[in-house]
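Trainee: Got a structure for you, written out below as structure tokens; questions coming shortly.
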Amino acid sequence: MKNWTWGLAAAASISSTAVSAQTDHGPRDCLDASISLNALWIGENGEGVRSFYNGMVTVLRLDTEEPAAASAGLAILMPSGDGSEEPIFTACHVFLYYGSIDFDGMESSYDPARGLTLTVPAYEANLETGGRGTPNPIRVLINAGAGTLSVID
């Protein structure tokens, strides 16, 4: 998947959102969330990027800077479908407005019948202290062959 950058580069930048909206973490389409390349948190040695499904699924760490207490997020880039309905392109989904995300603590498991399960330790923003709030992990099931992403409660 080398065309994943179009979804991020085509949009403007994340705008500040009211505190009440920050509890809706996503997933959102990257274009709908107006995500920009400025939000990527990628280190010199590739920190902040993980690939799965032989490179078909890429997870990127995000830091939107604003709102400061809820600036952590992640983007998932994956195929949009299986090609039966339309040409396959890269879909981009974002999860935003977390107080912190433990990107290095991400765990994955694969079941050929269901797909890839990702669990990312994430924490609500504590708007009073600006620190880490209550745990609220991001758990998703991704079927790259079908182009589906489902949130697991």
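Following the order of the structure tokens, chains are lettered A, B, ..., residues in each are numbered from 1, and ligands are numbered from 1.
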Identify, on the basis of only C-alpha atoms, every residue whose closest approach to Arg28 (chain A) does not exceed 12 Å; exclude the query and any residue fewer than 5 positions from it along the same chain; express the result as a ChimeraX atom specification.

Mentor: /A:33-35,73-77,91-97,149-151

Trainee: Show me, as number ranges by chain, the residues that have an atom within 10 Å of Arg132 (chain A) when counting only C-alpha atoms, minus same-chain residues fewer than 4 positions from it.

Mentor: A: 69-70, 98-101, 122-127

Trainee: Apply DSSP to the backbone of this structure and, from region 54-111 of chain A, keep only the residues in strand (DSSP E or B); write these as a ChimeraX atom specification.

Mentor: /A:57-63,72-79,90-98,100-101,107-111

Trainee: Name the residues in contact with Glu47 (chain A) at a cut-off of 10 Å, using only C-alpha atoms, excluding same-chain residues fewer than 2 positions from it; report them as a ChimeraX atom specification.

Mentor: /A:41-45,49-50,60-61,103-104

Trainee: Considering only C-alpha atoms, state which residue in the set A:Val57, A:Ser109, A:Ser51, A:Glu65 is at the smallest distance from Ser80 (chain A).

Mentor: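 Going through A:Val57, A:Ser109, A:Ser51, A:Glu65 one by one, the smallest distance to Ser80 (chain A) is for A:Val57.
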
Trainee: Nearest to Leu141 (chain A): which of A:Thr90, A:Thr64, A:Thr129, A:Thr117 is it, counting only C-alpha atoms?

Mentor: A:Thr117

Trainee: As a list of chain:residue names, please: the residues near Pro79 (chain A) (cut-off 10 Å, only C-alpha atoms, same-chain neighbours under 4 positions excluded).

Mentor: A:Met1, A:Trp4, A:Met56, A:Val57, A:Gly83, A:Pro87, A:Ile88, A:Phe89, A:Thr90, A:Ala91, A:Cys92, A:Asn143, A:Ala144, A:Gly145, A:Ala146, A:Gly147, A:Thr148

Trainee: May I have the selected residues written with N, CA, C and O atoms, as a short mmCIF file (atom, residue, chain, number, x, y, z; two decimals), in the first residue's frame?

Mentor:
```
data_model
loop_
_atom_site.label_atom_id
_atom_site.label_comp_id
_atom_site.auth_asym_id
_atom_site.auth_seq_id
_atom_site.Cartn_x
_atom_site.Cartn_y
_atom_site.Cartn_z
N MET A 1 0.85 -1.18 0.00
CA MET A 1 0.00 0.00 0.00
C MET A 1 0.89 1.23 0.00
O MET A 1 1.32 1.68 1.04
N TRP A 4 -1.20 5.40 0.59
CA TRP A 4 -1.93 5.76 1.81
C TRP A 4 -1.85 7.23 2.15
O TRP A 4 -2.69 7.75 2.85
N MET A 56 -0.54 -4.50 4.33
CA MET A 56 -1.83 -3.99 3.84
C MET A 56 -2.49 -3.07 4.85
O MET A 56 -3.31 -2.24 4.47
N VAL A 57 -2.18 -3.21 6.14
CA VAL A 57 -2.75 -2.38 7.19
C VAL A 57 -1.60 -1.66 7.90
O VAL A 57 -0.64 -2.30 8.34
N GLY A 83 -12.65 -5.22 -3.88
CA GLY A 83 -12.58 -4.94 -5.31
C GLY A 83 -13.79 -5.39 -6.10
O GLY A 83 -13.88 -5.14 -7.30
N PRO A 87 -13.07 -0.18 -7.46
CA PRO A 87 -11.62 -0.40 -7.32
C PRO A 87 -11.19 -0.22 -5.87
O PRO A 87 -11.75 0.60 -5.14
N ILE A 88 -10.21 -0.99 -5.47
CA ILE A 88 -9.69 -0.89 -4.11
C ILE A 88 -8.84 0.36 -3.99
O ILE A 88 -7.99 0.63 -4.83
N PHE A 89 -9.10 1.16 -2.96
CA PHE A 89 -8.25 2.29 -2.63
C PHE A 89 -7.92 2.18 -1.15
O PHE A 89 -8.33 1.24 -0.48
N THR A 90 -7.20 3.13 -0.61
CA THR A 90 -6.81 3.07 0.79
C THR A 90 -7.81 3.86 1.63
O THR A 90 -7.98 5.05 1.41
N ALA A 91 -8.46 3.18 2.55
CA ALA A 91 -9.35 3.83 3.51
C ALA A 91 -8.51 4.25 4.71
O ALA A 91 -7.54 3.59 5.07
N CYS A 92 -8.87 5.36 5.31
CA CYS A 92 -8.16 5.87 6.48
C CYS A 92 -9.18 6.18 7.57
O CYS A 92 -10.12 6.93 7.34
N ASN A 143 -10.77 -6.73 8.89
CA ASN A 143 -10.72 -7.75 7.85
C ASN A 143 -10.25 -7.04 6.59
O ASN A 143 -11.02 -6.39 5.90
N ALA A 144 -8.94 -7.13 6.32
CA ALA A 144 -8.36 -6.41 5.18
C ALA A 144 -8.89 -6.94 3.86
O ALA A 144 -9.05 -6.17 2.92
N GLY A 145 -9.20 -8.22 3.77
CA GLY A 145 -9.73 -8.78 2.54
C GLY A 145 -11.09 -8.22 2.18
O GLY A 145 -11.40 -7.99 1.00
N ALA A 146 -11.91 -7.97 3.18
CA ALA A 146 -13.24 -7.42 2.95
C ALA A 146 -13.27 -5.90 3.08
O ALA A 146 -14.25 -5.25 2.71
N GLY A 147 -12.22 -5.31 3.61
CA GLY A 147 -12.16 -3.87 3.79
C GLY A 147 -13.03 -3.38 4.90
O GLY A 147 -13.61 -2.30 4.82
N THR A 148 -13.13 -4.15 6.00
CA THR A 148 -14.00 -3.75 7.11
C THR A 148 -13.19 -3.50 8.38
O THR A 148 -12.19 -4.17 8.63
#
```

Trainee: What parts of region 10-150 of chain A does DSSP call helix (DSSP H, G or I)? I'd like the answer as a PyMOL selection string.

Mentor: chain A and resi 19-23+37-39+53-55+68-70+103-105

Trainee: Pull all heavy atoms from the residues just selected and write them as an mmCIF file, in the first residue's frame.

Mentor:
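This went into result-v2.cif:
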```
data_model
loop_
_atom_site.group_PDB
_atom_site.id
_atom_site.type_symbol
_atom_site.label_atom_id
_atom_site.label_comp_id
_atom_site.auth_asym_id
_atom_site.auth_seq_id
_atom_site.Cartn_x
_atom_site.Cartn_y
_atom_site.Cartn_z
ATOM 1 N N VAL A 19 -15.228 20.469 24.167
ATOM 2 C CA VAL A 19 -14.898 19.409 25.112
ATOM 3 C C VAL A 19 -15.919 18.283 25.046
ATOM 4 O O VAL A 19 -15.563 17.114 25.096
ATOM 5 C CB VAL A 19 -14.800 19.976 26.544
ATOM 6 C CG1 VAL A 19 -14.632 18.869 27.559
ATOM 7 C CG2 VAL A 19 -13.647 20.955 26.624
ATOM 8 N N SER A 20 -17.176 18.596 24.882
ATOM 9 C CA SER A 20 -18.197 17.545 24.839
ATOM 10 C C SER A 20 -18.006 16.617 23.658
ATOM 11 O O SER A 20 -18.316 15.438 23.736
ATOM 12 C CB SER A 20 -19.591 18.164 24.800
ATOM 13 O OG SER A 20 -19.753 18.938 23.625
ATOM 14 N N ALA A 21 -17.479 17.112 22.557
ATOM 15 C CA ALA A 21 -17.270 16.270 21.379
ATOM 16 C C ALA A 21 -16.047 15.381 21.537
ATOM 17 O O ALA A 21 -15.883 14.415 20.800
ATOM 18 C CB ALA A 21 -17.135 17.129 20.136
ATOM 19 N N GLN A 22 -15.171 15.675 22.484
ATOM 20 C CA GLN A 22 -13.943 14.923 22.644
ATOM 21 C C GLN A 22 -14.167 13.530 23.214
ATOM 22 O O GLN A 22 -13.260 12.718 23.219
ATOM 23 C CB GLN A 22 -12.961 15.706 23.509
ATOM 24 C CG GLN A 22 -12.487 16.950 22.812
ATOM 25 C CD GLN A 22 -11.751 17.863 23.752
ATOM 26 O OE1 GLN A 22 -11.371 17.472 24.843
ATOM 27 N NE2 GLN A 22 -11.557 19.083 23.329
ATOM 28 N N THR A 23 -15.355 13.246 23.673
ATOM 29 C CA THR A 23 -15.633 11.901 24.152
ATOM 30 C C THR A 23 -16.004 10.974 23.004
ATOM 31 O O THR A 23 -16.053 9.768 23.186
ATOM 32 C CB THR A 23 -16.762 11.912 25.198
ATOM 33 O OG1 THR A 23 -17.916 12.496 24.611
ATOM 34 C CG2 THR A 23 -16.342 12.684 26.426
ATOM 35 N N LEU A 37 -0.848 15.950 7.843
ATOM 36 C CA LEU A 37 0.425 15.278 8.079
ATOM 37 C C LEU A 37 1.149 15.847 9.290
ATOM 38 O O LEU A 37 2.006 15.190 9.864
ATOM 39 C CB LEU A 37 1.303 15.384 6.828
ATOM 40 C CG LEU A 37 0.817 14.580 5.639
ATOM 41 C CD1 LEU A 37 1.691 14.857 4.424
ATOM 42 C CD2 LEU A 37 0.805 13.094 5.941
ATOM 43 N N ASN A 38 0.801 17.045 9.709
ATOM 44 C CA ASN A 38 1.421 17.635 10.897
ATOM 45 C C ASN A 38 1.096 16.846 12.159
ATOM 46 O O ASN A 38 1.815 16.947 13.142
ATOM 47 C CB ASN A 38 0.966 19.084 11.085
ATOM 48 C CG ASN A 38 1.457 19.974 9.980
ATOM 49 O OD1 ASN A 38 2.458 19.689 9.343
ATOM 50 N ND2 ASN A 38 0.745 21.057 9.741
ATOM 51 N N ALA A 39 0.024 16.092 12.151
ATOM 52 C CA ALA A 39 -0.380 15.348 13.339
ATOM 53 C C ALA A 39 0.378 14.031 13.497
ATOM 54 O O ALA A 39 0.307 13.413 14.546
ATOM 55 C CB ALA A 39 -1.881 15.069 13.302
ATOM 56 N N TYR A 53 -0.818 -7.479 8.311
ATOM 57 C CA TYR A 53 -1.361 -8.073 7.081
ATOM 58 C C TYR A 53 -0.387 -7.909 5.915
ATOM 59 O O TYR A 53 -0.755 -7.478 4.832
ATOM 60 C CB TYR A 53 -2.678 -7.394 6.682
ATOM 61 C CG TYR A 53 -3.956 -8.047 7.112
ATOM 62 C CD1 TYR A 53 -4.862 -7.351 7.901
ATOM 63 C CD2 TYR A 53 -4.312 -9.317 6.687
ATOM 64 C CE1 TYR A 53 -6.069 -7.901 8.273
ATOM 65 C CE2 TYR A 53 -5.513 -9.877 7.053
ATOM 66 C CZ TYR A 53 -6.385 -9.170 7.841
ATOM 67 O OH TYR A 53 -7.592 -9.713 8.203
ATOM 68 N N ASN A 54 0.883 -8.212 6.145
ATOM 69 C CA ASN A 54 1.912 -8.080 5.110
ATOM 70 C C ASN A 54 1.934 -6.686 4.488
ATOM 71 O O ASN A 54 2.078 -6.530 3.276
ATOM 72 C CB ASN A 54 1.747 -9.146 4.029
ATOM 73 C CG ASN A 54 1.948 -10.537 4.572
ATOM 74 O OD1 ASN A 54 2.871 -10.768 5.349
ATOM 75 N ND2 ASN A 54 1.089 -11.462 4.191
ATOM 76 N N GLY A 55 1.774 -5.666 5.320
ATOM 77 C CA GLY A 55 1.835 -4.283 4.859
ATOM 78 C C GLY A 55 0.529 -3.721 4.335
ATOM 79 O O GLY A 55 0.473 -2.549 3.959
ATOM 80 N N ALA A 68 -4.828 20.410 23.955
ATOM 81 C CA ALA A 68 -3.609 19.900 24.580
ATOM 82 C C ALA A 68 -3.850 18.699 25.488
ATOM 83 O O ALA A 68 -3.072 17.750 25.479
ATOM 84 C CB ALA A 68 -2.914 21.014 25.353
ATOM 85 N N ALA A 69 -4.905 18.699 26.265
ATOM 86 C CA ALA A 69 -5.157 17.596 27.200
ATOM 87 C C ALA A 69 -5.699 16.354 26.507
ATOM 88 O O ALA A 69 -5.720 15.284 27.089
ATOM 89 C CB ALA A 69 -6.142 18.036 28.279
ATOM 90 N N ALA A 70 -6.131 16.485 25.261
ATOM 91 C CA ALA A 70 -6.727 15.362 24.528
ATOM 92 C C ALA A 70 -6.178 15.308 23.114
ATOM 93 O O ALA A 70 -6.908 15.220 22.141
ATOM 94 C CB ALA A 70 -8.248 15.510 24.513
ATOM 95 N N PHE A 103 1.236 3.576 22.330
ATOM 96 C CA PHE A 103 1.404 2.986 21.004
ATOM 97 C C PHE A 103 2.296 1.750 21.053
ATOM 98 O O PHE A 103 2.029 0.750 20.397
ATOM 99 C CB PHE A 103 1.984 4.042 20.043
ATOM 100 C CG PHE A 103 1.874 3.671 18.592
ATOM 101 C CD1 PHE A 103 0.703 3.901 17.893
ATOM 102 C CD2 PHE A 103 2.938 3.094 17.928
ATOM 103 C CE1 PHE A 103 0.588 3.558 16.556
ATOM 104 C CE2 PHE A 103 2.845 2.750 16.591
ATOM 105 C CZ PHE A 103 1.662 2.977 15.910
ATOM 106 N N ASP A 104 3.364 1.811 21.854
ATOM 107 C CA ASP A 104 4.274 0.674 21.962
ATOM 108 C C ASP A 104 3.632 -0.523 22.655
ATOM 109 O O ASP A 104 4.089 -1.645 22.497
ATOM 110 C CB ASP A 104 5.545 1.081 22.706
ATOM 111 C CG ASP A 104 6.359 2.102 21.928
ATOM 112 O OD1 ASP A 104 6.272 2.111 20.679
ATOM 113 O OD2 ASP A 104 7.072 2.893 22.562
ATOM 114 N N GLY A 105 2.566 -0.279 23.427
ATOM 115 C CA GLY A 105 1.861 -1.358 24.109
ATOM 116 C C GLY A 105 0.796 -2.037 23.253
ATOM 117 O O GLY A 105 0.088 -2.918 23.733
#
```
